[in-house]
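Q: For reference, the file entry24.cif (mmCIF, C-alpha atoms) is included below:
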data_start
#
loop_
_atom_site.label_atom_id
_atom_site.label_comp_id
_atom_site.auth_asym_id
_atom_site.auth_seq_id
_atom_site.Cartn_x
_atom_site.Cartn_y
_atom_site.Cartn_z
CA GLU A 1 -22.80 -20.42 8.07
CA GLY A 2 -25.09 -17.51 8.89
CA PHE A 3 -25.71 -14.09 10.42
CA ARG A 4 -28.35 -12.34 12.53
CA PHE A 5 -28.87 -8.70 13.52
CA ARG A 6 -29.66 -7.59 17.06
CA ALA A 7 -30.57 -4.33 18.79
CA ASP A 8 -28.12 -2.82 21.26
CA ASP A 9 -30.67 -2.84 24.09
CA GLY A 10 -29.54 -5.48 26.55
CA ASP A 11 -26.98 -8.10 27.49
CA GLU A 12 -26.14 -11.22 25.50
CA SER A 13 -29.28 -12.99 26.68
CA ALA A 14 -31.84 -10.20 26.78
CA ALA A 15 -31.10 -8.00 23.73
CA THR A 16 -33.80 -7.90 21.06
CA TRP A 17 -33.37 -9.76 17.80
CA LEU A 18 -34.22 -7.53 14.82
CA ALA A 19 -34.88 -10.25 12.26
CA LEU A 20 -34.60 -13.96 11.61
CA GLN A 21 -31.23 -15.52 10.81
CA ASP A 22 -29.79 -14.63 7.37
CA THR A 23 -32.29 -11.78 6.93
CA ASP A 24 -31.24 -8.27 5.88
CA ILE A 25 -32.56 -5.27 7.82
CA THR A 26 -32.94 -1.51 7.42
CA ARG A 27 -31.73 0.70 10.29
CA GLY A 28 -31.09 4.37 10.94
CA LYS A 29 -27.48 5.41 10.33
CA ASP A 30 -26.90 6.48 13.95
CA GLU A 31 -28.41 3.43 15.68
CA ASN A 32 -26.06 1.01 17.43
CA THR A 33 -26.62 -2.43 15.95
CA ARG A 34 -25.10 -5.78 16.81
CA LEU A 35 -24.26 -8.47 14.27
CA ARG A 36 -23.78 -12.09 15.26
CA VAL A 37 -22.01 -14.31 12.71
CA LEU A 38 -21.55 -18.09 12.52
CA LEU A 39 -18.28 -19.21 10.91
CA ASP A 40 -17.33 -22.66 9.69
CA PRO A 41 -13.53 -22.40 9.31
CA GLY A 42 -12.97 -26.09 8.70
CA ALA A 43 -9.93 -28.04 9.85
CA SER A 44 -7.41 -25.18 9.45
CA SER A 45 -9.16 -22.65 11.70
CA ASP A 46 -5.95 -21.68 13.51
CA GLU A 47 -4.37 -20.58 10.23
CA LYS A 48 -7.15 -18.22 9.16
CA ALA A 49 -7.66 -14.55 9.99
CA TYR A 50 -11.11 -12.99 9.76
CA GLN A 51 -12.28 -9.38 9.58
CA LEU A 52 -15.62 -7.64 9.16
CA GLU A 53 -15.92 -5.30 6.17
CA TYR A 54 -18.61 -2.92 4.95
CA LYS A 55 -19.41 -0.55 2.09
CA LYS A 56 -22.15 1.83 1.02
CA SER A 57 -24.29 0.84 -1.94
CA THR A 58 -22.59 3.61 -3.93
CA ASP A 59 -19.03 2.58 -2.98
CA THR A 60 -16.69 0.47 -5.09
CA TYR A 61 -14.52 -0.96 -2.33
CA PHE A 62 -15.17 -2.59 1.02
CA SER A 63 -13.58 -1.13 4.18
CA LYS A 64 -12.62 -2.96 7.33
CA VAL A 65 -14.68 -2.21 10.44
CA PRO A 66 -12.08 -0.84 12.90
CA THR A 67 -11.70 -2.42 16.31
CA ALA A 68 -11.46 -0.46 19.54
CA ASN A 69 -8.01 1.08 20.16
CA GLU A 70 -6.77 -0.15 16.81
CA PRO A 71 -3.18 1.11 16.33
CA THR A 72 -2.40 3.54 13.53
CA ILE A 73 0.03 2.66 10.76
CA SER A 74 3.57 3.82 11.46
CA TYR A 75 6.81 4.15 9.49
CA VAL A 76 9.54 1.69 10.52
CA ASN A 77 12.58 2.40 8.37
CA ALA A 78 13.95 2.44 4.83
CA GLY A 79 16.76 0.33 3.42
CA ALA A 80 19.63 1.74 1.37
CA GLN A 81 19.21 2.27 -2.34
CA VAL A 82 21.04 -0.15 -4.64
CA SER A 83 21.57 0.44 -8.35
CA ALA A 84 23.06 -1.41 -11.30
CA VAL A 85 23.61 -1.31 -15.04
CA SER A 86 23.70 -5.11 -15.36
CA GLY A 87 22.77 -8.29 -13.49
CA THR A 88 20.44 -8.36 -10.50
CA LEU A 89 19.89 -6.23 -7.39
CA ALA A 90 19.49 -7.20 -3.72
CA PRO A 91 17.99 -4.23 -1.84
CA ALA A 92 18.49 -4.55 1.92
CA LEU A 93 15.56 -5.01 4.27
CA PRO A 94 15.02 -1.96 6.53
CA VAL A 95 16.61 -2.02 9.98
CA GLY A 96 14.14 -2.76 12.78
CA TRP A 97 11.53 -4.65 10.76
CA GLN A 98 9.50 -7.44 12.35
CA ALA A 99 7.08 -10.12 11.21
CA GLY A 100 3.75 -8.61 10.17
CA ASP A 101 5.23 -5.36 8.85
CA LEU A 102 4.46 -4.38 5.26
CA PHE A 103 7.47 -4.09 2.92
CA LEU A 104 7.18 -1.78 -0.09
CA LEU A 105 9.81 -2.31 -2.77
CA VAL A 106 10.29 0.61 -5.17
CA ILE A 107 12.04 -0.16 -8.47
CA ALA A 108 12.86 2.78 -10.74
CA GLY A 109 14.93 3.21 -13.86
CA ARG A 110 15.39 4.52 -17.38
CA PRO A 111 14.29 1.76 -19.77
CA THR A 112 14.28 1.88 -23.55
CA GLY A 113 10.53 1.24 -23.63
CA GLN A 114 7.45 1.39 -21.42
CA THR A 115 6.41 -2.27 -21.40
CA ILE A 116 8.19 -3.40 -18.25
CA ALA A 117 8.10 -6.79 -16.50
CA SER A 118 10.78 -7.13 -13.82
CA SER A 119 10.72 -10.15 -11.53
CA VAL A 120 11.29 -10.38 -7.76
CA SER A 121 11.89 -13.30 -5.40
CA ALA A 122 8.94 -15.54 -4.48
CA GLY A 123 6.50 -13.98 -2.02
CA TRP A 124 6.63 -10.48 -3.50
CA THR A 125 3.63 -9.13 -5.45
CA LEU A 126 3.46 -6.31 -8.00
CA GLN A 127 0.96 -3.70 -6.79
CA GLY A 128 -1.03 -2.32 -9.71
CA SER A 129 0.90 -1.67 -12.92
CA PRO A 130 4.27 0.01 -13.48
CA SER A 131 4.00 3.74 -14.12
CA SER A 132 5.96 5.05 -17.11
CA ARG A 133 6.70 8.39 -18.72
CA GLU A 134 8.15 8.74 -22.21
CA ILE A 135 11.11 11.11 -22.14
CA GLY A 136 12.58 11.06 -25.62
CA ALA A 137 14.85 8.06 -26.11
CA THR A 138 15.20 7.47 -22.35
CA ASP A 139 11.93 6.74 -20.56
CA LEU A 140 11.27 6.75 -16.80
CA THR A 141 9.45 3.87 -15.07
CA VAL A 142 8.48 3.14 -11.45
CA GLU A 143 7.35 -0.27 -10.16
CA LEU A 144 5.84 -0.95 -6.71
CA TRP A 145 6.09 -4.42 -5.15
CA TYR A 146 4.98 -5.50 -1.68
CA LYS A 147 5.26 -8.30 0.84
CA VAL A 148 3.99 -8.94 4.37
CA ALA A 149 7.14 -9.56 6.41
CA ALA A 150 7.66 -13.04 7.87
CA THR A 151 10.24 -14.41 10.28
CA GLY A 152 13.37 -15.39 8.39
CA ASP A 153 12.90 -12.97 5.48
CA VAL A 154 16.07 -11.92 3.63
CA ALA A 155 16.80 -9.32 0.98
CA PRO A 156 14.95 -10.19 -2.23
CA THR A 157 16.60 -10.70 -5.60
CA VAL A 158 15.36 -8.24 -8.20
CA THR A 159 15.84 -9.23 -11.82
CA PRO A 160 15.25 -6.04 -13.82
CA ASP A 161 13.41 -6.06 -17.09
CA ALA A 162 15.92 -6.23 -19.94
CA ASP A 163 14.82 -2.79 -21.15
CA TYR A 164 16.40 -1.23 -18.05
CA LEU A 165 19.80 -2.60 -19.04
CA SER A 166 19.95 -2.24 -22.82
CA GLY A 167 19.87 0.33 -25.58
CA SER A 168 22.27 2.73 -27.26
CA THR A 169 23.50 3.53 -23.73
CA THR A 170 23.20 1.50 -20.52
CA ARG A 171 20.01 2.75 -18.92
CA GLY A 172 20.35 1.68 -15.28
CA VAL A 173 17.90 0.71 -12.53
CA SER A 174 17.62 1.18 -8.75
CA ALA A 175 15.69 -0.44 -5.89
CA GLU A 176 14.96 0.29 -2.23
CA ILE A 177 12.61 -1.11 0.44
CA ILE A 178 10.56 0.78 3.02
CA ALA A 179 8.66 -0.82 5.92
CA PHE A 180 5.43 0.18 7.68
CA ARG A 181 3.87 -1.33 10.83
CA ASN A 182 0.24 -2.02 11.86
CA VAL A 183 -0.94 -2.39 8.26
CA ASP A 184 -3.93 -4.67 7.67
CA THR A 185 -2.14 -7.80 6.45
CA VAL A 186 -5.31 -9.26 4.88
CA THR A 187 -6.20 -6.17 2.83
CA PRO A 188 -3.11 -3.94 2.94
CA PHE A 189 -4.25 -1.49 0.24
CA ASP A 190 -7.26 0.72 0.88
CA VAL A 191 -7.85 1.76 -2.75
CA ALA A 192 -6.18 1.31 -6.11
CA ASN A 193 -3.01 3.19 -6.99
CA VAL A 194 -3.37 6.58 -8.69
CA ALA A 195 -0.54 7.57 -11.05
CA SER A 196 0.42 10.66 -13.02
CA SER A 197 3.42 12.14 -14.81
CA SER A 198 4.57 15.52 -16.06
CA ALA A 199 7.05 17.07 -18.44
CA SER A 200 10.34 18.56 -17.25
CA GLN A 201 9.70 21.28 -14.69
CA ALA A 202 11.01 22.56 -11.35
CA THR A 203 8.10 21.19 -9.29
CA SER A 204 5.32 18.68 -9.82
CA SER A 205 2.16 17.75 -7.89
CA ALA A 206 1.17 14.13 -7.37
CA PRO A 207 -2.47 13.16 -8.08
CA ALA A 208 -5.19 13.23 -5.45
CA VAL A 209 -6.57 10.03 -3.95
CA THR A 210 -9.79 9.33 -2.04
CA THR A 211 -9.48 6.94 0.89
CA VAL A 212 -12.39 4.81 2.09
CA THR A 213 -11.06 3.76 5.51
CA ASN A 214 -10.34 6.00 8.49
CA ASN A 215 -6.64 6.26 9.44
CA ALA A 216 -5.48 5.04 6.04
CA LEU A 217 -1.84 5.87 5.29
CA CYS A 218 -1.38 7.72 1.99
CA VAL A 219 2.02 6.99 0.41
CA SER A 220 3.42 9.21 -2.35
CA ILE A 221 6.15 7.62 -4.50
CA VAL A 222 7.95 9.92 -6.93
CA ALA A 223 10.78 9.44 -9.42
CA THR A 224 12.55 11.95 -11.66
CA SER A 225 14.77 11.53 -14.71
CA ASP A 226 17.77 13.23 -13.12
CA ASP A 227 20.03 12.70 -10.11
CA ASN A 228 18.60 15.83 -8.50
CA ARG A 229 18.45 14.73 -4.85
CA LEU A 230 14.67 14.63 -4.95
CA ASN A 231 12.78 16.18 -2.07
CA LEU A 232 9.06 16.24 -1.34
CA SER A 233 7.27 19.16 0.23
CA ALA A 234 5.52 19.00 3.60
CA ALA A 235 2.16 19.99 2.07
CA ASN A 236 -0.85 18.46 3.83
CA GLY A 237 1.32 17.00 6.56
CA PHE A 238 3.31 14.50 4.44
CA THR A 239 6.52 13.21 6.00
CA LEU A 240 9.54 12.42 3.82
CA HIS A 241 11.02 8.92 4.31
CA ILE A 242 13.14 8.43 1.18
CA GLY A 243 14.81 11.21 -0.79
CA GLY A 244 17.79 13.48 -1.15
CA LEU A 245 21.40 12.48 -1.72
CA ASP A 246 21.03 8.86 -0.57
CA TYR A 247 18.31 8.03 -3.10
CA ASP A 248 19.62 9.38 -6.38
CA THR A 249 21.94 7.50 -8.72
CA TYR A 250 24.40 8.10 -11.54
CA ALA A 251 24.16 4.46 -12.66
CA GLY A 252 23.41 4.50 -16.37
CA ASP A 253 21.00 7.33 -17.13
CA ASP A 254 20.42 9.39 -13.98
CA HIS A 255 17.29 9.20 -11.84
CA ALA A 256 16.15 9.84 -8.29
CA VAL A 257 13.41 8.49 -5.99
CA GLY A 258 11.38 9.99 -3.15
CA VAL A 259 8.75 8.49 -0.81
CA ALA A 260 6.56 10.37 1.69
CA SER A 261 3.47 9.42 3.70
CA TYR A 262 0.49 11.02 5.43
CA THR A 263 -2.16 9.54 7.75
CA LYS A 264 -5.73 10.43 6.69
CA THR A 265 -7.64 10.15 9.95
CA THR A 266 -11.05 10.57 8.31
CA ALA A 267 -11.69 8.81 5.02
CA GLY A 268 -11.97 11.14 2.04
CA LEU A 269 -10.05 13.20 -0.50
CA VAL A 270 -6.31 13.69 -0.04
CA THR A 271 -4.44 16.23 -2.16
CA MET A 272 -0.97 14.80 -2.19
CA CYS A 273 2.40 16.53 -1.93
#
With the file now loaded, output its structure as structure tokens.
A:
Amino acid sequence: EGFRFRADDGDESAATWLALQDTDITRGKDENTRLRVLLDPGASSDEKAYQLEYKKSTDTYFSKVPTANEPTISYVNAGAQVSAVSGTLAPALPVGWQAGDLFLLVIAGRPTGQTIASSVSAGWTLQGSPSSREIGATDLTVELWYKVAATGDVAPTVTPDADYLSGSTTRGVSAEIIAFRNVDTVTPFDVANVASSSASQATSSAPAVTTVTNNALCVSIVATSDDNRLNLSAANGFTLHIGGLDYDTYAGDDHAVGVASYTKTTAGLVTMC
């Protein structure tokens, strides 16, 4: 219902008000400033979660104001890869997950085209758009889906786009789920996805990304058009979570998947692995 700014110069009763209610102010960037807010949550107040966000006038996205001793995001576990050349997939939930964790579901495969629209069980959301690379007659596509874990969750059913399972040869598709803890469940993604692709080569560098929130976790998701036991380098402190022998597949046309992460303690540019 309203807001009012206050100086940080006294207790709750004696501190100085800086302006009338619902009035913007101008302050020095290093001055402690209090903000009092009136909320009218309505009848369902117990079901709502609130957070304070900010942004510079030149920024595109808002960032959450961190609370004292706020825990950093941590890796929980990754489920086994499943693959198929027909039907549906049911990738297992990672061992050790709990309600409030963030599930990331990575779907990868070799479709006959680049217009992909797989479907996943209710409650899962496609993050951004699928990323595709044309590789002759057999393309390579990666999809990222997510869900905030809830008590009672079970392995989702993934219905691959028909292009993953058709063509002059059976193309094939794979899926796996990775879980992270202490992610902001209201706004889990700090900035939009950044994608890139490259032609066949021994190594490839993922694109850079610029975070806007301190302690954001940068996640690099990579797929290749071969069962080459994909590994990701440790450049810039990235830690590999998915990769190697357990995350490549011979199903249909070969492909492999790798996932690594890095915590960016101070918001800014990250040159990824």
Q: Quick one: residues within 6 Å of Ala99 (chain A), only C-alpha atoms counted, chain neighbours fewer than 3 positions away excluded, as a VMD selection string?
A: chain A and resid 149 to 151
Q: Please measure the separation of CA of Lys56 (chain A) and CA of Phe5 (chain A), giving the value in Å to one decimal.
A: 17.7 Å
Q: Using only C-alpha atoms for the distances, tell me which of A:Ala199, A:Val212, A:Asp22, A:Val270 is nearest to Thr58 (chain A).
A: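 Using only C-alpha atoms, the shortest distance to Thr58 (chain A) belongs to A:Val212.
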Q: At most 10 Å is the cut-off: for each residue in region 139-184 of chain A with any atom that close to an atom of region 86-93 of chain A, write down the nearest atom pair and the distance in Å rounded to one decimal, counting only C-alpha atoms, chain first then increasing number, as JSON lines.
A:
{"residue": "A:Ala149", "atom": "CA", "partner": "A:Leu93", "partner_atom": "CA", "distance": 9.8}
{"residue": "A:Asp153", "atom": "CA", "partner": "A:Leu93", "partner_atom": "CA", "distance": 8.5}
{"residue": "A:Val154", "atom": "CA", "partner": "A:Leu93", "partner_atom": "CA", "distance": 7.0}
{"residue": "A:Ala155", "atom": "CA", "partner": "A:Ala92", "partner_atom": "CA", "distance": 5.1}
{"residue": "A:Pro156", "atom": "CA", "partner": "A:Ala90", "partner_atom": "CA", "distance": 5.6}
{"residue": "A:Thr157", "atom": "CA", "partner": "A:Ala90", "partner_atom": "CA", "distance": 4.9}
{"residue": "A:Val158", "atom": "CA", "partner": "A:Leu89", "partner_atom": "CA", "distance": 5.0}
{"residue": "A:Thr159", "atom": "CA", "partner": "A:Thr88", "partner_atom": "CA", "distance": 4.9}
{"residue": "A:Pro160", "atom": "CA", "partner": "A:Thr88", "partner_atom": "CA", "distance": 6.6}
{"residue": "A:Asp161", "atom": "CA", "partner": "A:Thr88", "partner_atom": "CA", "distance": 9.9}
{"residue": "A:Ala162", "atom": "CA", "partner": "A:Ser86", "partner_atom": "CA", "distance": 9.1}
{"residue": "A:Tyr164", "atom": "CA", "partner": "A:Ser86", "partner_atom": "CA", "distance": 8.7}
{"residue": "A:Leu165", "atom": "CA", "partner": "A:Ser86", "partner_atom": "CA", "distance": 5.9}
{"residue": "A:Ser166", "atom": "CA", "partner": "A:Ser86", "partner_atom": "CA", "distance": 8.8}
{"residue": "A:Thr170", "atom": "CA", "partner": "A:Ser86", "partner_atom": "CA", "distance": 8.4}
{"residue": "A:Arg171", "atom": "CA", "partner": "A:Ser86", "partner_atom": "CA", "distance": 9.4}
{"residue": "A:Gly172", "atom": "CA", "partner": "A:Ser86", "partner_atom": "CA", "distance": 7.6}
{"residue": "A:Val173", "atom": "CA", "partner": "A:Ser86", "partner_atom": "CA", "distance": 8.7}
{"residue": "A:Ser174", "atom": "CA", "partner": "A:Leu89", "partner_atom": "CA", "distance": 7.9}
{"residue": "A:Ala175", "atom": "CA", "partner": "A:Pro91", "partner_atom": "CA", "distance": 6.0}
{"residue": "A:Glu176", "atom": "CA", "partner": "A:Pro91", "partner_atom": "CA", "distance": 5.5}
{"residue": "A:Ile177", "atom": "CA", "partner": "A:Leu93", "partner_atom": "CA", "distance": 6.2}
{"residue": "A:Ile178", "atom": "CA", "partner": "A:Leu93", "partner_atom": "CA", "distance": 7.8}
{"residue": "A:Ala179", "atom": "CA", "partner": "A:Leu93", "partner_atom": "CA", "distance": 8.2}
Q: So how many Å separate CA of Trp145 (chain A) and CA of Gly128 (chain A), to one decimal?
A: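 Separation of CA of Trp145 (chain A) and CA of Gly128 (chain A): 8.7 Å.
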Q: Please provide as a PyMOL selection string all residues within 8 Å of Asp163 (chain A), with the sequence filter that same-chain residues fewer than 4 positions apart are discarded (counting only C-alpha atoms).
A: chain A and resi 111-113+116+167+171
Q: Which of these residues is nearest to Thr210 (chain A), using only C-alpha atoms: A:Ser225, A:Ala260, A:Phe189, A:Leu269?
A: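 When distances to Thr210 (chain A) are compared using only C-alpha atoms, the smallest one comes from A:Leu269.
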Q: Selection in question (the file shown): the PyMOL selection byres ((chain A and resi 4) around 7). Which residues does it include, as a PyMOL selection string?
A: chain A and resi 3+5-6+19-23+35-37
Q: Take the residues from that selection and write them out as a PDB file, in the frame of the given file, keeping C-alpha atoms.
A:
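Result went into result.pdb, see below:
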ATOM      1  CA  PHE A   3     -25.710 -14.090  10.420  1.00  0.00           C
ATOM      2  CA  PHE A   5     -28.870  -8.700  13.520  1.00  0.00           C
ATOM      3  CA  ARG A   6     -29.660  -7.590  17.060  1.00  0.00           C
ATOM      4  CA  ALA A  19     -34.880 -10.250  12.260  1.00  0.00           C
ATOM      5  CA  LEU A  20     -34.600 -13.960  11.610  1.00  0.00           C
ATOM      6  CA  GLN A  21     -31.230 -15.520  10.810  1.00  0.00           C
ATOM      7  CA  ASP A  22     -29.790 -14.630   7.370  1.00  0.00           C
ATOM      8  CA  THR A  23     -32.290 -11.780   6.930  1.00  0.00           C
ATOM      9  CA  LEU A  35     -24.260  -8.470  14.270  1.00  0.00           C
ATOM     10  CA  ARG A  36     -23.780 -12.090  15.260  1.00  0.00           C
ATOM     11  CA  VAL A  37     -22.010 -14.310  12.710  1.00  0.00           C
TER      12      VAL A  37
END
Q: Within 8 Å of Asp226 (chain A), counting all atoms listed in the file, which residues show up once you throw out same-chain ones fewer than 6 positions away? Write them as a compact mmCIF listing (two decimals) with C-alpha atoms, in the coordinates of the input, please.
A:
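New file part_23.txt:
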# COMPACT_ATOMS: atom_id res chain seq x y z
CA ASP A 248 19.62 9.38 -6.38
CA ASP A 253 21.00 7.33 -17.13
CA ASP A 254 20.42 9.39 -13.98
CA HIS A 255 17.29 9.20 -11.84
CA ALA A 256 16.15 9.84 -8.29
Q: Give as a list in words the residues that the PyMOL selection byres ((chain A and resi 129-133) around 9) matches when applied to the coordinates above.
A: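 Applying the PyMOL selection byres ((chain A and resi 129-133) around 9) to the structure shown produces Gly113, Gln114, Thr115, Ile116, Ala117, Leu126, Gln127, Gly128, Glu134, Ile135, Asp139, Leu140, Thr141, Val142, Glu143, Leu144, Asn193, Ala195, Ser196, Ser197, Ser198 and Ala199 of chain A.
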Q: Identify, on the basis of all atoms listed in the file, every residue whose closest approach to Gly123 (chain A) does not exceed 7 Å; exclude the query and any residue fewer than 2 positions from it along the same chain; express the result as a list in words.
A: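 The filter keeps Ser121, Thr125 and Lys147 of chain A.
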Q: Which residues, named as in the file, does the PyMOL selection byres ((chain A and resi 77) around 8) pick out? Answer as a PyMOL selection string.
A: chain A and resi 75-76+78-79+94-97+178-180+241
Q: Could you jot down the CA of Thr185 (chain A) to CA of Val148 (chain A) separation for me, Å, one decimal place?
A: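 That distance, rounded to one decimal, is 6.6 Å.
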